[in-house]
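Worksheet: the structure to be examined is printed underneath.
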Amino acid sequence: MYKSLTVVGATGAVGRIIRQLLEERDLPFERFRFLASQRSAGSALEFRGKTWTVEELKLEAFDQDLVISSTPDDVASWFIPEAVKRGCTVVDESGFWRMKPEVPLVVPEINPQALENHQGIIASPNCSTTQMVVAMKPLHDAARVRRVIVSTYQATSGAGMPGIDELRDATQAALAGETHSPQAFSKSIAFNLIPQIGSEKLEGYTSEEMKMVEETRKIFGDQTIDVCPTCVRVPVSHCHSESILIETERPVTVAEARELFAAAEGIEVIDDLPAGTYPLPSECAGRDEVFIGRIRRDLSHPNGLAFWCVSDNLRKGAATNAVQIAELLVNSPAAT
C-alpha cells in the first residue's frame with residue numbers, strides 16, 4: 001500500500017498545481033515530501049494547513065513509496081532509476097521515459113490497464129498529445145480513427161514559469177515601444193506566433209510534433225494511426241487549443257459525434273456556433289476537462305470530422321493526468 005508521497009519539482013508551474021490537486025482530491029497519504037532544485041531548496045510552501053520546507057533533490061530523499069515528478073528530461077534521466085532502486089514507484093511528467101518500451105504511457109481515460117505491468121516508472125504524455133487523445137478516444141472506440149491532422153495553438157505556460165513571465169514581459173515591452181530579448185522562446189512571443197516548438201527531428205517536423213505522432217500510437221496501442229501535426233506557440237498564457245481533423249473507418253455524423261463526446265469521461269461539449277459559444281482558453285483555464293466545440297463534418301472527405309479542442313495544459317495536460325495516475329495506483333488491488 002502506498003502510504004507516502006514525494007513531489008519532485010514541487011515549486012514549478014506544474015508542481016504547484018500538483019500540490020493543489022493533492023489537497024482538493026485528498027489522497028490518503030500519511031507522509032509527504034517536497035523536492036526541488038538547489039535554487040528552491042529551503043523555501044517554504046503551504047500544504048494542508050501546514051508550512052513545509054522544500055528539500056533539495058538528492059537520492060537520499062527517496063524513502064517514500066510513490067513519487068510524482070515534474071522535471072526537465074536530463075534530471076528525470078538520472079534520478080528516477082535510482083528512486084526505483086530504492087523502492088519508489090514514479091509517475092513522471094518529463095519526456096525522457098515516455099517512449100521506452102518497458103514504460104507505460106498512461107492517460108487514465110484511455111489505457112488504465114497499461115499500469116498493470118509497470119516496472120516502477122509510469123510516464124504521463126506530452127500536454128498537446130493528452131488533450132488530443134482524450135478527444136479521439138470516443139471516436140476511436142466507435143469508428144476507429146485512421147488519420148489525424150492537427151494544428152496546435154500552444155500557451156506559453158507550456159514552457160513553465162519562464163514562459164509565463166516572458167509573455168508578460170515581452171508584451172509590456174512591445175506596448176511601451178521597447179525592445180525585449182527572448183529567453184524562453186526563440187522569437188519574441190508578444191503579438192506573434194512561433195510555428196516551431198522543439199528542435200527539428202524528421203523531414204521538417206519538430207520534436208513537439210513527433211511526440212504527438214509517436215505518443216498517440218503508443219497510448220492507443222495502434223501503430224497504424226496516421227498523425228500529421230503542426231505545433232505553434234501563441235501569445236496566450238494558459239490552455240492549449242487544437243484544430244483537429246479526424247478520419248475514421250466509417251462516417252461519423254455530427255450528431256453522433258456530439259453524443260459520443262458528451263458521454264465520454266473527461267470531455268465537456270461547448271458547441272453552439274449561432275450563439276457564438278465554443279471553448280475559449282480564457283474560459284477553460286483552471287479546469288480539468290477537455291473541451292470540444294465547432295464540431296462539423298469534413299467537406300473534403302466522407303469519413304472526416306473536424307472540431308476545436310481546448311484544455312488547460314498545466315492541469316489535464318500535466319498535473320491532473322499525473323495525479324489521476326497516482327489515484328489509480330493507490331486504488332489498485334496490488335496497492336492494498
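Chains: A, B, ... in order of the C-alpha cells. Residues: from 1 per chain. Ligands: from 1, in order shown.
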What are the nearest atom pairs, with distances in Å to one decimal, for all residues of range 184-298 of chain A that come at most 9 Å from range 106-126 of chain A, using only C-alpha atoms, set out by chain and rising residue number as a Markdown table?
```
| residue | atom | partner | partner_atom | distance |
| --- | --- | --- | --- | --- |
| A:Glu208 | CA | A:Asn126 | CA | 8.3 |
| A:Lys211 | CA | A:Asn126 | CA | 7.1 |
| A:Met212 | CA | A:Asn126 | CA | 7.6 |
| A:Glu215 | CA | A:Pro125 | CA | 6.9 |
| A:Thr216 | CA | A:Pro125 | CA | 8.9 |
| A:Ile219 | CA | A:Val106 | CA | 6.6 |
| A:Phe220 | CA | A:Asn111 | CA | 7.4 |
| A:Ala264 | CA | A:Glu109 | CA | 8.7 |
| A:Glu265 | CA | A:Glu109 | CA | 6.4 |
| A:Gly266 | CA | A:Glu109 | CA | 7.2 |
```
Residues of range 232-300 of chain A within 10 Å of range 311-331 of chain A: nearest atom pair and distance (Å, one decimal) for each, counting only C-alpha atoms, sorted by chain and number, as a tab-separated table?
```
residue	atom	partner	partner_atom	distance
A:His238	CA	A:Asp312	CA	6.3
A:Cys239	CA	A:Asp312	CA	4.0
A:His240	CA	A:Ser311	CA	5.7
A:Ser241	CA	A:Ser311	CA	6.7
A:Glu242	CA	A:Ser311	CA	8.9
A:Gly266	CA	A:Lys316	CA	9.1
A:Ile267	CA	A:Ser311	CA	9.7
A:Pro279	CA	A:Ser311	CA	8.8
A:Leu280	CA	A:Ser311	CA	9.1
A:Pro281	CA	A:Ser311	CA	7.4
A:Ser282	CA	A:Asp312	CA	9.8
A:Glu283	CA	A:Asp312	CA	9.9
A:Cys284	CA	A:Ser311	CA	6.5
A:Ala285	CA	A:Asp312	CA	5.3
A:Gly286	CA	A:Asp312	CA	6.5
A:Arg287	CA	A:Asp312	CA	6.5
A:Asp288	CA	A:Lys316	CA	5.2
A:Glu289	CA	A:Ser311	CA	6.6
A:Val290	CA	A:Ser311	CA	4.9
A:Phe291	CA	A:Ser311	CA	6.1
A:Ile292	CA	A:Ser311	CA	8.9
```
Nearby residues (only C-alpha atoms) at most 7 Å from range 32-35 of chain A, same-chain spacing under 3 positions excluded, as a list of chain:residue names
A:Ser4, A:Leu5, A:Thr6, A:Val7, A:Val8, A:Gly9, A:Ala10, A:Val54, A:Glu55, A:Glu56, A:Leu57
Could you turn the residues from that selection into a file that holds N, CA, C and O atoms, as a compact mmCIF listing (two decimals), in the first residue's frame?
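Listed below is the output, again_18.txt:
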```txt
# COMPACT_ATOMS: atom_id res chain seq x y z
N SER A 4 3.07 7.01 1.46
CA SER A 4 3.82 8.26 1.46
C SER A 4 4.03 8.73 0.03
O SER A 4 4.07 7.93 -0.91
N LEU A 5 4.17 10.05 -0.13
CA LEU A 5 4.27 10.65 -1.46
C LEU A 5 5.33 11.74 -1.46
O LEU A 5 5.38 12.57 -0.55
N THR A 6 6.16 11.73 -2.50
CA THR A 6 7.11 12.80 -2.74
C THR A 6 6.73 13.51 -4.04
O THR A 6 6.45 12.85 -5.05
N VAL A 7 6.73 14.83 -4.02
CA VAL A 7 6.54 15.63 -5.23
C VAL A 7 7.89 16.23 -5.60
O VAL A 7 8.47 16.98 -4.83
N VAL A 8 8.38 15.90 -6.78
CA VAL A 8 9.65 16.43 -7.27
C VAL A 8 9.34 17.53 -8.28
O VAL A 8 8.54 17.34 -9.18
N GLY A 9 10.00 18.67 -8.12
CA GLY A 9 9.65 19.84 -8.91
C GLY A 9 8.47 20.56 -8.29
O GLY A 9 7.64 21.14 -8.99
N ALA A 10 8.40 20.54 -6.97
CA ALA A 10 7.22 21.00 -6.25
C ALA A 10 6.97 22.48 -6.36
O ALA A 10 5.84 22.95 -6.12
N VAL A 54 10.90 23.07 1.49
CA VAL A 54 11.28 22.39 0.26
C VAL A 54 12.71 21.86 0.40
O VAL A 54 13.62 22.60 0.80
N GLU A 55 12.89 20.58 0.08
CA GLU A 55 14.20 19.96 0.17
C GLU A 55 14.87 19.87 -1.19
O GLU A 55 14.20 19.82 -2.22
N GLU A 56 16.18 19.83 -1.19
CA GLU A 56 16.90 19.70 -2.45
C GLU A 56 16.77 18.28 -2.98
O GLU A 56 16.74 17.31 -2.22
N LEU A 57 16.66 18.17 -4.29
CA LEU A 57 16.58 16.87 -4.94
C LEU A 57 17.90 16.12 -4.79
O LEU A 57 18.90 16.44 -5.43
```
Go through A:Ser237, A:Arg48, A:Arg258, A:Ser332 one by one, measure the shortest atom-to-atom distance of each to Arg25 in chain A using only C-alpha atoms, and give the residue with the smallest value.
A:Arg48
Looking only at strand (DSSP E or B) from DSSP on the backbone, list the matching residues of range 210-275 of chain A as a ChimeraX atom specification.
/A:226-233,240-248,267-269,272
Across A:Ile246, A:Cys309, A:Ile197, A:Leu45, the smallest distance to Asp271 in chain A, with only C-alpha atoms counted, is shown by A:Cys309
Please identify all polymer residues within 9 Å of Leu245 in chain A, counting only C-alpha atoms, omitting same-chain residues fewer than 4 positions from it, and present them as a list of chain:residue names.
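That gives A:Arg147, A:Val148, A:Ile149, A:Val150, A:Asp298, A:Gly304, A:Leu305, A:Ala306, A:Phe307, A:Trp308.
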